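Source file: data08.cif (mmCIF, C-alpha atoms and all ligand atoms)
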data_start
loop_
_atom_site.group_PDB
_atom_site.id
_atom_site.type_symbol
_atom_site.label_atom_id
_atom_site.label_comp_id
_atom_site.auth_asym_id
_atom_site.auth_seq_id
_atom_site.Cartn_x
_atom_site.Cartn_y
_atom_site.Cartn_z
ATOM 1 C CA MET A 1 85.437 44.836 62.479
ATOM 2 C CA THR A 2 86.366 41.361 63.747
ATOM 3 C CA THR A 3 86.347 38.259 61.619
ATOM 4 C CA HIS A 4 83.363 37.030 63.620
ATOM 5 C CA GLN A 5 81.354 40.184 62.929
ATOM 6 C CA ALA A 6 82.328 40.071 59.269
ATOM 7 C CA ALA A 7 81.158 36.478 59.049
ATOM 8 C CA GLY A 8 77.855 37.271 60.765
ATOM 9 C CA ASP A 9 77.199 40.287 58.594
ATOM 10 C CA ALA A 10 77.999 38.369 55.435
ATOM 11 C CA GLY A 11 75.686 35.604 56.653
ATOM 12 C CA THR A 12 72.784 38.010 57.101
ATOM 13 C CA VAL A 13 73.253 39.559 53.682
ATOM 14 C CA GLN A 14 73.627 36.388 51.690
ATOM 15 C CA MET A 15 70.572 34.657 53.226
ATOM 16 C CA ASP A 16 68.495 37.160 51.212
ATOM 17 C CA GLU A 17 70.717 36.933 48.174
ATOM 18 C CA TYR A 18 70.694 33.255 47.226
ATOM 19 C CA ARG A 19 68.377 32.306 44.397
ATOM 20 C CA PRO A 20 68.973 29.071 42.468
ATOM 21 C CA LEU A 21 70.962 29.762 39.311
ATOM 22 C CA LEU A 22 70.149 26.361 37.839
ATOM 23 C CA PRO A 23 67.304 26.118 35.319
ATOM 24 C CA PRO A 24 63.928 25.226 36.946
ATOM 25 C CA GLU A 25 64.141 21.565 35.860
ATOM 26 C CA GLY A 26 67.542 21.280 37.553
ATOM 27 C CA VAL A 27 66.110 22.735 40.778
ATOM 28 C CA GLU A 28 63.186 20.311 40.633
ATOM 29 C CA ARG A 29 65.521 17.338 40.074
ATOM 30 C CA ILE A 30 67.547 18.320 43.151
ATOM 31 C CA ARG A 31 64.426 18.849 45.309
ATOM 32 C CA GLU A 32 63.196 15.374 44.338
ATOM 33 C CA LEU A 33 66.583 13.857 45.158
ATOM 34 C CA ARG A 34 66.497 15.545 48.584
ATOM 35 C CA GLN A 35 63.054 14.035 49.282
ATOM 36 C CA THR A 36 64.134 10.571 48.126
ATOM 37 C CA LEU A 37 67.220 10.664 50.345
ATOM 38 C CA LEU A 38 65.167 11.868 53.354
ATOM 39 C CA GLN A 39 62.690 9.022 52.891
ATOM 40 C CA GLY A 40 65.521 6.504 52.765
ATOM 41 C CA GLN A 41 67.123 7.726 56.010
ATOM 42 C CA SER A 42 67.237 5.411 59.011
ATOM 43 C CA ASP A 43 67.099 6.661 62.627
ATOM 44 C CA GLU A 44 68.860 3.564 63.883
ATOM 45 C CA ALA A 45 72.455 4.399 62.995
ATOM 46 C CA GLY A 46 75.055 4.175 65.766
ATOM 47 C CA GLU A 47 78.816 4.673 65.782
ATOM 48 C CA GLU A 48 80.500 2.967 62.830
ATOM 49 C CA THR A 49 84.085 1.879 62.323
ATOM 50 C CA VAL A 50 84.990 2.434 58.665
ATOM 51 C CA SER A 51 88.010 2.091 56.407
ATOM 52 C CA PHE A 52 89.127 5.163 54.484
ATOM 53 C CA LEU A 53 91.984 4.225 52.150
ATOM 54 C CA HIS A 54 94.654 2.877 54.574
ATOM 55 C CA LEU A 55 93.048 4.553 57.622
ATOM 56 C CA THR A 56 90.549 3.301 60.187
ATOM 57 C CA LEU A 57 87.991 5.855 61.376
ATOM 58 C CA LYS A 58 85.323 5.904 64.068
ATOM 59 C CA VAL A 59 82.255 7.823 62.909
ATOM 60 C CA PRO A 60 79.477 8.654 65.393
ATOM 61 C CA ALA A 61 75.841 8.748 64.229
ATOM 62 C CA GLU A 62 75.763 12.576 64.225
ATOM 63 C CA VAL A 63 78.738 12.801 61.819
ATOM 64 C CA MET A 64 78.838 12.090 58.093
ATOM 65 C CA THR A 65 80.509 8.842 57.042
ATOM 66 C CA PRO A 66 82.919 9.566 54.167
ATOM 67 C CA CYS A 67 80.981 8.964 50.944
ATOM 68 C CA PRO A 68 82.216 6.424 48.339
ATOM 69 C CA VAL A 69 83.764 9.219 46.231
ATOM 70 C CA SER A 70 85.524 10.829 49.208
ATOM 71 C CA PRO A 71 88.705 8.700 48.895
ATOM 72 C CA LEU A 72 89.194 10.141 45.379
ATOM 73 C CA PHE A 73 89.023 13.654 46.830
ATOM 74 C CA GLY A 74 91.482 12.580 49.532
ATOM 75 C CA GLN A 75 93.916 11.292 46.915
ATOM 76 C CA ALA A 76 93.611 14.545 44.913
ATOM 77 C CA ILE A 77 94.478 16.487 48.082
ATOM 78 C CA VAL A 78 97.524 14.331 48.815
ATOM 79 C CA ALA A 79 98.681 14.708 45.184
ATOM 80 C CA GLU A 80 98.450 18.495 45.518
ATOM 81 C CA LEU A 81 100.152 18.822 48.911
ATOM 82 C CA ASP A 82 103.881 19.411 49.175
ATOM 83 C CA GLU A 83 105.835 18.010 52.123
ATOM 84 C CA GLY A 84 105.525 20.183 55.228
ATOM 85 C CA GLU A 85 102.791 22.506 53.922
ATOM 86 C CA ARG A 86 100.083 24.005 56.142
ATOM 87 C CA MET A 87 96.556 22.840 55.325
ATOM 88 C CA LEU A 88 93.113 23.958 56.521
ATOM 89 C CA ASP A 89 90.306 21.363 56.327
ATOM 90 C CA MET A 90 87.015 23.276 56.377
ATOM 91 C CA GLY A 91 84.093 21.091 57.578
ATOM 92 C CA THR A 92 86.287 18.197 58.627
ATOM 93 C CA GLY A 93 83.488 15.820 59.690
ATOM 94 C CA SER A 94 85.151 12.605 60.888
ATOM 95 C CA GLY A 95 88.567 14.165 60.183
ATOM 96 C CA SER A 96 89.151 11.766 57.280
ATOM 97 C CA LEU A 97 90.810 14.292 54.940
ATOM 98 C CA SER A 98 92.896 15.856 57.718
ATOM 99 C CA VAL A 99 94.202 12.536 59.016
ATOM 100 C CA LEU A 100 95.054 11.476 55.459
ATOM 101 C CA ALA A 101 96.781 14.782 54.660
ATOM 102 C CA ALA A 102 98.806 14.629 57.888
ATOM 103 C CA GLY A 103 101.017 12.026 56.213
ATOM 104 C CA THR A 104 102.386 14.848 54.011
ATOM 105 C CA ALA A 105 101.420 18.187 55.556
ATOM 106 C CA GLY A 106 103.474 19.762 58.329
ATOM 107 C CA HIS A 107 100.378 21.051 60.123
ATOM 108 C CA VAL A 108 96.636 20.591 59.539
ATOM 109 C CA LEU A 109 93.918 22.709 61.136
ATOM 110 C CA ALA A 110 90.616 20.807 60.990
ATOM 111 C CA VAL A 111 87.438 22.761 61.769
ATOM 112 C CA ASP A 112 83.752 21.962 61.906
ATOM 113 C CA LEU A 113 80.578 23.578 63.238
ATOM 114 C CA ASN A 114 79.295 20.234 64.558
ATOM 115 C CA PRO A 115 80.722 19.495 68.059
ATOM 116 C CA HIS A 116 80.354 15.738 67.451
ATOM 117 C CA ALA A 117 82.583 16.117 64.376
ATOM 118 C CA VAL A 118 85.176 18.047 66.382
ATOM 119 C CA GLU A 119 85.313 15.206 68.907
ATOM 120 C CA ALA A 120 85.383 12.531 66.173
ATOM 121 C CA ALA A 121 88.210 14.239 64.283
ATOM 122 C CA ARG A 122 90.283 14.391 67.511
ATOM 123 C CA VAL A 123 89.591 10.699 68.183
ATOM 124 C CA ASN A 124 90.516 9.720 64.617
ATOM 125 C CA ALA A 125 93.722 11.782 64.618
ATOM 126 C CA ALA A 126 94.768 9.946 67.813
ATOM 127 C CA LEU A 127 93.646 6.552 66.511
ATOM 128 C CA ASN A 128 95.850 7.012 63.441
ATOM 129 C CA GLY A 129 98.826 8.475 65.317
ATOM 130 C CA VAL A 130 98.787 12.013 63.846
ATOM 131 C CA SER A 131 97.528 14.115 66.785
ATOM 132 C CA ASP A 132 100.821 16.020 66.804
ATOM 133 C CA ARG A 133 100.095 17.379 63.292
ATOM 134 C CA VAL A 134 96.287 17.719 63.345
ATOM 135 C CA GLU A 135 94.725 20.483 65.421
ATOM 136 C CA VAL A 136 90.925 20.385 65.675
ATOM 137 C CA ARG A 137 88.693 23.346 66.532
ATOM 138 C CA GLN A 138 84.988 24.115 66.470
ATOM 139 C CA SER A 139 84.381 26.954 64.034
ATOM 140 C CA ASP A 140 81.520 28.396 62.003
ATOM 141 C CA VAL A 141 83.365 28.706 58.688
ATOM 142 C CA PHE A 142 86.307 31.019 59.582
ATOM 143 C CA THR A 143 85.097 32.398 62.951
ATOM 144 C CA ASN A 144 87.716 30.402 64.916
ATOM 145 C CA VAL A 145 90.441 30.190 62.245
ATOM 146 C CA ASP A 146 93.615 32.255 62.314
ATOM 147 C CA GLY A 147 96.830 32.225 60.314
ATOM 148 C CA THR A 148 97.415 31.403 56.667
ATOM 149 C CA PHE A 149 97.520 28.111 54.775
ATOM 150 C CA ASP A 150 99.184 26.727 51.645
ATOM 151 C CA LEU A 151 96.146 24.570 50.864
ATOM 152 C CA ILE A 152 92.558 25.067 52.042
ATOM 153 C CA VAL A 153 90.208 22.168 51.289
ATOM 154 C CA PHE A 154 86.417 22.117 51.566
ATOM 155 C CA ASN A 155 83.987 19.288 50.922
ATOM 156 C CA PRO A 156 80.888 21.393 51.654
ATOM 157 C CA PRO A 157 77.242 20.476 52.106
ATOM 158 C CA PHE A 158 76.057 20.275 48.496
ATOM 159 C CA GLN A 159 72.450 21.403 48.920
ATOM 160 C CA TRP A 160 70.807 24.663 50.002
ATOM 161 C CA PHE A 161 67.762 23.435 51.976
ATOM 162 C CA ALA A 162 67.268 23.924 55.735
ATOM 163 C CA ALA A 163 69.020 21.215 57.772
ATOM 164 C CA ARG A 164 66.778 19.175 60.081
ATOM 165 C CA ASP A 165 69.510 18.688 62.705
ATOM 166 C CA VAL A 166 73.275 18.832 63.191
ATOM 167 C CA ALA A 167 73.834 15.585 61.270
ATOM 168 C CA ASP A 168 71.732 16.839 58.333
ATOM 169 C CA ALA A 169 73.916 19.973 58.208
ATOM 170 C CA ALA A 170 76.601 17.782 56.625
ATOM 171 C CA THR A 171 74.575 17.852 53.401
ATOM 172 C CA GLN A 172 72.375 20.961 53.839
ATOM 173 C CA ASP A 173 73.655 24.558 53.996
ATOM 174 C CA GLU A 174 70.547 26.749 54.114
ATOM 175 C CA ASN A 175 70.616 29.206 51.205
ATOM 176 C CA TYR A 176 74.346 28.389 50.882
ATOM 177 C CA GLY A 177 75.100 30.695 53.814
ATOM 178 C CA ALA A 178 78.313 28.868 54.801
ATOM 179 C CA LEU A 179 79.530 28.359 51.216
ATOM 180 C CA THR A 180 78.990 32.033 50.431
ATOM 181 C CA ARG A 181 80.883 33.143 53.551
ATOM 182 C CA PHE A 182 83.669 30.694 52.708
ATOM 183 C CA PHE A 183 84.249 32.285 49.298
ATOM 184 C CA ARG A 184 83.931 35.850 50.618
ATOM 185 C CA GLU A 185 86.577 35.266 53.280
ATOM 186 C CA VAL A 186 88.912 32.511 52.043
ATOM 187 C CA ARG A 187 91.485 34.805 50.385
ATOM 188 C CA GLY A 188 92.342 36.277 53.785
ATOM 189 C CA TYR A 189 93.548 32.837 54.941
ATOM 190 C CA LEU A 190 95.709 31.907 51.951
ATOM 191 C CA ALA A 191 99.497 32.089 52.103
ATOM 192 C CA ASP A 192 101.374 33.540 49.125
ATOM 193 C CA ASP A 193 100.849 31.051 46.281
ATOM 194 C CA GLY A 194 98.175 29.326 48.409
ATOM 195 C CA ARG A 195 95.530 27.171 46.718
ATOM 196 C CA VAL A 196 91.953 26.129 47.473
ATOM 197 C CA MET A 197 90.538 22.719 46.599
ATOM 198 C CA VAL A 198 86.758 22.392 46.668
ATOM 199 C CA PHE A 199 84.701 19.257 46.124
ATOM 200 C CA PHE A 200 81.162 19.505 44.727
ATOM 201 C CA SER A 201 78.573 17.617 42.699
ATOM 202 C CA THR A 202 75.496 17.954 40.535
ATOM 203 C CA MET A 203 73.455 17.248 43.700
ATOM 204 C CA GLY A 204 73.902 21.007 44.283
ATOM 205 C CA ASP A 205 73.673 24.299 42.379
ATOM 206 C CA VAL A 206 76.839 24.101 40.314
ATOM 207 C CA HIS A 207 76.060 27.415 38.591
ATOM 208 C CA TYR A 208 75.998 29.163 41.978
ATOM 209 C CA LEU A 209 79.345 27.570 42.930
ATOM 210 C CA HIS A 210 80.838 28.834 39.658
ATOM 211 C CA LYS A 211 79.555 32.337 40.425
ATOM 212 C CA LEU A 212 81.097 32.301 43.917
ATOM 213 C CA ILE A 213 84.425 31.138 42.458
ATOM 214 C CA ALA A 214 84.399 33.838 39.767
ATOM 215 C CA ASP A 215 83.284 36.597 42.181
ATOM 216 C CA ALA A 216 86.204 35.686 44.466
ATOM 217 C CA GLY A 217 88.573 36.115 41.494
ATOM 218 C CA PHE A 218 89.769 32.495 41.272
ATOM 219 C CA GLN A 219 90.684 30.533 38.139
ATOM 220 C CA ARG A 220 89.407 26.961 38.410
ATOM 221 C CA GLU A 221 91.041 23.761 37.206
ATOM 222 C CA GLU A 222 89.112 20.480 37.389
ATOM 223 C CA VAL A 223 91.369 17.933 39.089
ATOM 224 C CA LEU A 224 88.835 15.155 39.676
ATOM 225 C CA GLN A 225 85.736 13.972 37.832
ATOM 226 C CA HIS A 226 83.686 10.939 38.790
ATOM 227 C CA SER A 227 80.139 9.860 37.985
ATOM 228 C CA ALA A 228 78.098 7.579 40.271
ATOM 229 C CA PRO A 229 74.432 6.789 40.941
ATOM 230 C CA VAL A 230 72.820 8.274 44.068
ATOM 231 C CA ALA A 231 69.285 7.105 44.911
ATOM 232 C CA GLY A 232 68.682 6.151 41.274
ATOM 233 C CA THR A 233 69.987 9.427 39.833
ATOM 234 C CA GLN A 234 73.335 9.715 38.036
ATOM 235 C CA VAL A 235 75.454 12.336 39.819
ATOM 236 C CA ASP A 236 78.713 13.953 38.662
ATOM 237 C CA PHE A 237 81.254 14.606 41.425
ATOM 238 C CA PHE A 238 84.239 16.855 40.828
ATOM 239 C CA ALA A 239 87.020 18.768 42.533
ATOM 240 C CA TYR A 240 88.377 22.156 41.512
ATOM 241 C CA LEU A 241 91.798 23.517 42.296
ATOM 242 C CA LEU A 242 91.477 27.308 42.636
ATOM 243 C CA ARG A 243 94.253 29.874 42.343
HETATM 244 C C1 LIG B 1 79.945 17.032 53.258
HETATM 245 S S1 LIG B 1 80.493 17.024 54.925
HETATM 246 C C2 LIG B 1 82.235 16.729 54.700
HETATM 247 C C3 LIG B 1 82.876 15.940 55.829
HETATM 248 C C4 LIG B 1 84.326 15.509 55.570
HETATM 249 N N1 LIG B 1 85.187 16.638 55.287
HETATM 250 C C5 LIG B 1 84.403 14.506 54.431
HETATM 251 O O1 LIG B 1 84.944 14.866 53.384
HETATM 252 O O2 LIG B 1 83.897 13.390 54.583
HETATM 253 C C6 LIG B 1 80.410 18.778 55.307
HETATM 254 C C7 LIG B 1 80.910 19.143 56.701
HETATM 255 O O3 LIG B 1 80.814 20.570 56.853
HETATM 256 C C8 LIG B 1 80.390 20.867 58.170
HETATM 257 N N2 LIG B 1 79.786 22.200 58.193
HETATM 258 C C9 LIG B 1 78.543 22.553 57.806
HETATM 259 N N3 LIG B 1 78.352 23.872 58.014
HETATM 260 C C10 LIG B 1 79.512 24.349 58.532
HETATM 261 C C11 LIG B 1 79.934 25.651 58.951
HETATM 262 N N4 LIG B 1 79.108 26.696 58.896
HETATM 263 N N5 LIG B 1 81.184 25.781 59.440
HETATM 264 C C12 LIG B 1 82.016 24.711 59.519
HETATM 265 N N6 LIG B 1 81.667 23.469 59.148
HETATM 266 C C13 LIG B 1 80.427 23.296 58.657
HETATM 267 C C14 LIG B 1 79.410 19.744 58.497
HETATM 268 O O4 LIG B 1 79.211 19.610 59.892
HETATM 269 C C15 LIG B 1 80.099 18.536 57.842
HETATM 270 O O5 LIG B 1 80.944 17.892 58.755
#
Once more with this new file: its structure as structure tokens, please.
Ligand SMILES: C[S@@+](CC[C@H](N)C(=O)[O-])C[C@H]1O[C@@H](n2cnc3c(N)ncnc32)[C@H](O)[C@@H]1O
Amino acid sequence: MTTHQAAGDAGTVQMDEYRPLLPPEGVERIRELRQTLLQGQSDEAGEETVSFLHLTLKVPAEVMTPCPVSPLFGQAIVAELDEGERMLDMGTGSGSLSVLAAGTAGHVLAVDLNPHAVEAARVNAALNGVSDRVEVRQSDVFTNVDGTFDLIVFNPPFQWFAARDVADAATQDENYGALTRFFREVRGYLADDGRVMVFFSTMGDVHYLHKLIADAGFQREEVLQHSAPVAGTQVDFFAYLLR
């Protein structure tokens, strides 16, 4: 069975399997937050030029702009990386985390399902002078990933609703299909003593994330905790280092 078939099969199975593990009031709070954020969306966004720590990034309208907490996740990644290590950036978006990590890592593979993100990550690696260390590929989770990595990082879509379009798929992973496949397959891509760092928040089903982590046999250590308001709701953001 190829990796691609395995991914597809896992995808089919888990679409039926996901049920929110949060209590009903938690599910309702997240549904309301989703509606509030949809109502606040503007269709007029174009390409933006943004600062991300010491980097400058170009972010097209179809790609997620790094969120205000994202630099903290970037710093946690850099603190964890050892010089010359191999890193995989799952769901790279604008390439922000990959370009940042390329200052320390020997090689970064940045992947994303969204073709606009793939292009943006290539542009941003070149813009910041790290194209020689950042390879960018289009991939549906691990379908186009090979080799093993010392550190695999994932800032996934936090919510489980159906995405309206490719840009919305930065925050929506229907029934957590991609997140579930990630945890079912990630061990096969870890080097000896390899680690995973995952970013998440109370905008999503934290109980389900904990179940995926436990089912995959990882111990989790919280390496980042930050609280911030999102659309009038206080949200906890955190990163786990998994071994
Ligand atoms: C929350 S954004 C993170 C972007 C970027 N890493 C950052 O930290 O700003 C999630 C990213 O995952 C990508 N994504 C969603 N589903 C995916 C899948 N099945 N395979 C690969 N990438 C996926 C989205 O296109 C999006 O770029």
Could you give me, as CSV, every chain A residue with an atom at most 9 Å from ligand LIG 1 (chain B), plus its closest atom pair and distance in Å to one decimal, counting only C-alpha atoms and all ligand atoms, rows ordered by chain then number?
residue,atom,partner,partner_atom,distance
A:Glu62,CA,B:LIG1,O4,9.0
A:Val63,CA,B:LIG1,O5,6.3
A:Met64,CA,B:LIG1,C3,6.0
A:Thr65,CA,B:LIG1,O2,6.2
A:Pro66,CA,B:LIG1,O2,4.0
A:Cys67,CA,B:LIG1,O2,6.4
A:Ser70,CA,B:LIG1,O1,5.8
A:Pro71,CA,B:LIG1,O1,8.5
A:Phe73,CA,B:LIG1,O1,7.8
A:Gly74,CA,B:LIG1,O1,7.9
A:Asp89,CA,B:LIG1,N1,7.0
A:Met90,CA,B:LIG1,N6,6.0
A:Gly91,CA,B:LIG1,O3,3.4
A:Thr92,CA,B:LIG1,N1,3.8
A:Gly93,CA,B:LIG1,O5,3.4
A:Ser94,CA,B:LIG1,C4,6.1
A:Gly95,CA,B:LIG1,C4,6.4
A:Ser96,CA,B:LIG1,O2,6.1
A:Leu97,CA,B:LIG1,O1,6.1
A:Ser98,CA,B:LIG1,N1,8.1
A:Ala110,CA,B:LIG1,N1,8.9
A:Val111,CA,B:LIG1,C12,6.2
A:Asp112,CA,B:LIG1,N6,3.8
A:Leu113,CA,B:LIG1,C12,4.1
A:Asn114,CA,B:LIG1,O4,4.7
A:Pro115,CA,B:LIG1,O4,8.3
A:His116,CA,B:LIG1,O4,8.6
A:Ala117,CA,B:LIG1,O5,6.1
A:Val118,CA,B:LIG1,O5,8.7
A:Gln138,CA,B:LIG1,C12,7.6
A:Ser139,CA,B:LIG1,C12,5.6
A:Asp140,CA,B:LIG1,N5,3.7
A:Val141,CA,B:LIG1,N5,3.7
A:Phe142,CA,B:LIG1,N5,7.3
A:Thr143,CA,B:LIG1,N5,8.5
A:Val153,CA,B:LIG1,N1,8.5
A:Phe154,CA,B:LIG1,N1,6.7
A:Asn155,CA,B:LIG1,C2,4.9
A:Pro156,CA,B:LIG1,C6,4.5
A:Pro157,CA,B:LIG1,C1,4.5
A:Phe158,CA,B:LIG1,C1,7.0
A:Val166,CA,B:LIG1,O4,6.8
A:Ala167,CA,B:LIG1,O4,6.9
A:Asp168,CA,B:LIG1,O4,8.1
A:Ala169,CA,B:LIG1,C9,5.3
A:Ala170,CA,B:LIG1,C15,3.8
A:Thr171,CA,B:LIG1,C1,5.4
A:Gln172,CA,B:LIG1,C9,7.5
A:Asp173,CA,B:LIG1,N3,6.2
A:Gly177,CA,B:LIG1,N4,7.6
A:Ala178,CA,B:LIG1,N4,4.7
A:Leu179,CA,B:LIG1,N4,7.9
A:Arg181,CA,B:LIG1,N4,8.6
A:Phe182,CA,B:LIG1,N4,8.7
A:Phe199,CA,B:LIG1,O1,8.5
A:Phe200,CA,B:LIG1,C1,9.0
Worksheet entry | the PyMOL selection byres (((chain A and resi 215-227) around 9) and not hetatm) applied to the shown file, residues as JSON, numbers by chain | {"A": [69, 72, 73, 76, 183, 184, 185, 186, 187, 197, 199, 210, 211, 212, 213, 214, 228, 229, 234, 235, 236, 237, 238, 239, 240, 241, 242, 243]}
Please identify all polymer residues lying at most 7 Å from the point (95.4, 24.9, 57.0) (file coordinates), using all atoms listed in the file, and present the result as a PDB file with C-alpha atoms, keeping the file's coordinate frame.
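And here's point-v3.pdb as it stands now:
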ATOM      1  CA  ARG A  86     100.083  24.005  56.142  1.00  0.00           C
ATOM      2  CA  MET A  87      96.556  22.840  55.325  1.00  0.00           C
ATOM      3  CA  LEU A  88      93.113  23.958  56.521  1.00  0.00           C
ATOM      4  CA  ASP A  89      90.306  21.363  56.327  1.00  0.00           C
ATOM      5  CA  VAL A 108      96.636  20.591  59.539  1.00  0.00           C
ATOM      6  CA  LEU A 109      93.918  22.709  61.136  1.00  0.00           C
ATOM      7  CA  THR A 148      97.415  31.403  56.667  1.00  0.00           C
ATOM      8  CA  PHE A 149      97.520  28.111  54.775  1.00  0.00           C
ATOM      9  CA  ASP A 150      99.184  26.727  51.645  1.00  0.00           C
ATOM     10  CA  LEU A 151      96.146  24.570  50.864  1.00  0.00           C
ATOM     11  CA  ILE A 152      92.558  25.067  52.042  1.00  0.00           C
TER      12      ILE A 152
END
Worksheet entry | Which of A:Arg164, A:Gly232, A:Asp205, A:Gly40 sits closest to Pro24 (chain A) [using only C-alpha atoms] |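 Of all the options, A:Asp205 lies closest to Pro24 (chain A).
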Worksheet item: Just so the selection is clear, what residues does the PyMOL selection byres (((chain A and resi 42-59) around 6) and not hetatm) cover here, as a ChimeraX atom specification?
Response: /A:41,60-61,94,124
Item to complete: Using only C-alpha atoms, pick whichever of A:Pro20, A:Gly188, A:Pro68, A:Gly147 has the shortest atom-to-atom distance to Gln159 (chain A).
Response: A:Pro20
Fill in: Top pick for closest residue to Thr104 (chain A), considering A:Arg19, A:Glu119, A:Val130, A:Gly194 and counting all atoms listed in the file
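Ranking A:Arg19, A:Glu119, A:Val130, A:Gly194 by distance to Thr104 (chain A), first place goes to A:Val130.
Residue nearest Asp146 (chain A), chosen from A:Tyr189, A:Ala125, A:Ser131, A:Asn175 and counting all atoms listed in the file: A:Tyr189.
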Discussion item. Quick check on the file I pasted: which residues fall under the PyMOL selection byres (((chain A and resi 28-36) around 9) and not hetatm)? Write them as a list in words.
Written reply: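 That selection, the PyMOL selection byres (((chain A and resi 28-36) around 9) and not hetatm), comes back as Pro23, Pro24, Glu25, Gly26, Val27, Leu37, Leu38, Gln39, Gly40, Gln41, Gln159, Phe161, Thr202, Met203, Gly204, Asp205, Val230, Ala231, Gly232 and Thr233 of chain A.
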Worksheet item: In Å, with one decimal, what is the gap from CA of Glu85 (chain A) to CA of Val206 (chain A)?
Response: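 Value for the CA of Glu85 (chain A)-CA of Val206 (chain A) distance: 29.3 Å.
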N, CA and C atoms modelled onto region 64-82 of chain A, as a PDB file, in the frame of the given file:
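Here's the written file result_9.pdb:
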ATOM      1  N   MET A  64      78.942  12.717  59.403  1.00  0.00           N
ATOM      2  CA  MET A  64      78.838  12.090  58.093  1.00  0.00           C
ATOM      3  C   MET A  64      79.948  11.051  57.880  1.00  0.00           C
ATOM      4  N   THR A  65      79.549   9.868  57.454  1.00  0.00           N
ATOM      5  CA  THR A  65      80.509   8.842  57.042  1.00  0.00           C
ATOM      6  C   THR A  65      81.067   9.250  55.680  1.00  0.00           C
ATOM      7  N   PRO A  66      82.387   9.199  55.491  1.00  0.00           N
ATOM      8  CA  PRO A  66      82.919   9.566  54.167  1.00  0.00           C
ATOM      9  C   PRO A  66      82.169   8.821  53.063  1.00  0.00           C
ATOM     10  N   CYS A  67      81.768   9.566  52.013  1.00  0.00           N
ATOM     11  CA  CYS A  67      80.981   8.964  50.944  1.00  0.00           C
ATOM     12  C   CYS A  67      81.912   8.149  50.031  1.00  0.00           C
ATOM     13  N   PRO A  68      81.366   7.279  49.171  1.00  0.00           N
ATOM     14  CA  PRO A  68      82.216   6.424  48.339  1.00  0.00           C
ATOM     15  C   PRO A  68      83.194   7.193  47.444  1.00  0.00           C
ATOM     16  N   VAL A  69      82.874   8.443  47.103  1.00  0.00           N
ATOM     17  CA  VAL A  69      83.764   9.219  46.231  1.00  0.00           C
ATOM     18  C   VAL A  69      84.833   9.962  47.040  1.00  0.00           C
ATOM     19  N   SER A  70      84.627  10.048  48.349  1.00  0.00           N
ATOM     20  CA  SER A  70      85.524  10.829  49.208  1.00  0.00           C
ATOM     21  C   SER A  70      86.999  10.388  49.136  1.00  0.00           C
ATOM     22  N   PRO A  71      87.285   9.082  49.021  1.00  0.00           N
ATOM     23  CA  PRO A  71      88.705   8.700  48.895  1.00  0.00           C
ATOM     24  C   PRO A  71      89.378   9.317  47.659  1.00  0.00           C
ATOM     25  N   LEU A  72      88.610   9.514  46.578  1.00  0.00           N
ATOM     26  CA  LEU A  72      89.194  10.141  45.379  1.00  0.00           C
ATOM     27  C   LEU A  72      89.572  11.591  45.680  1.00  0.00           C
ATOM     28  N   PHE A  73      88.703  12.271  46.440  1.00  0.00           N
ATOM     29  CA  PHE A  73      89.023  13.654  46.830  1.00  0.00           C
ATOM     30  C   PHE A  73      90.257  13.653  47.728  1.00  0.00           C
ATOM     31  N   GLY A  74      90.314  12.696  48.654  1.00  0.00           N
ATOM     32  CA  GLY A  74      91.482  12.580  49.532  1.00  0.00           C
ATOM     33  C   GLY A  74      92.766  12.387  48.734  1.00  0.00           C
ATOM     34  N   GLN A  75      92.715  11.534  47.725  1.00  0.00           N
ATOM     35  CA  GLN A  75      93.916  11.292  46.915  1.00  0.00           C
ATOM     36  C   GLN A  75      94.314  12.540  46.118  1.00  0.00           C
ATOM     37  N   ALA A  76      93.306  13.297  45.651  1.00  0.00           N
ATOM     38  CA  ALA A  76      93.611  14.545  44.913  1.00  0.00           C
ATOM     39  C   ALA A  76      94.288  15.548  45.848  1.00  0.00           C
ATOM     40  N   ILE A  77      93.863  15.578  47.101  1.00  0.00           N
ATOM     41  CA  ILE A  77      94.478  16.487  48.082  1.00  0.00           C
ATOM     42  C   ILE A  77      95.934  16.088  48.326  1.00  0.00           C
ATOM     43  N   VAL A  78      96.151  14.804  48.547  1.00  0.00           N
ATOM     44  CA  VAL A  78      97.524  14.331  48.815  1.00  0.00           C
ATOM     45  C   VAL A  78      98.421  14.611  47.604  1.00  0.00           C
ATOM     46  N   ALA A  79      97.883  14.442  46.394  1.00  0.00           N
ATOM     47  CA  ALA A  79      98.681  14.708  45.184  1.00  0.00           C
ATOM     48  C   ALA A  79      99.045  16.185  45.077  1.00  0.00           C
ATOM     49  N   GLU A  80      98.203  17.056  45.618  1.00  0.00           N
ATOM     50  CA  GLU A  80      98.450  18.495  45.518  1.00  0.00           C
ATOM     51  C   GLU A  80      99.376  19.017  46.608  1.00  0.00           C
ATOM     52  N   LEU A  81      99.382  18.337  47.756  1.00  0.00           N
ATOM     53  CA  LEU A  81     100.152  18.822  48.911  1.00  0.00           C
ATOM     54  C   LEU A  81     101.649  18.601  48.714  1.00  0.00           C
ATOM     55  N   ASP A  82     102.431  19.597  49.095  1.00  0.00           N
ATOM     56  CA  ASP A  82     103.881  19.411  49.175  1.00  0.00           C
ATOM     57  C   ASP A  82     104.253  19.136  50.630  1.00  0.00           C
TER      58      ASP A  82
END
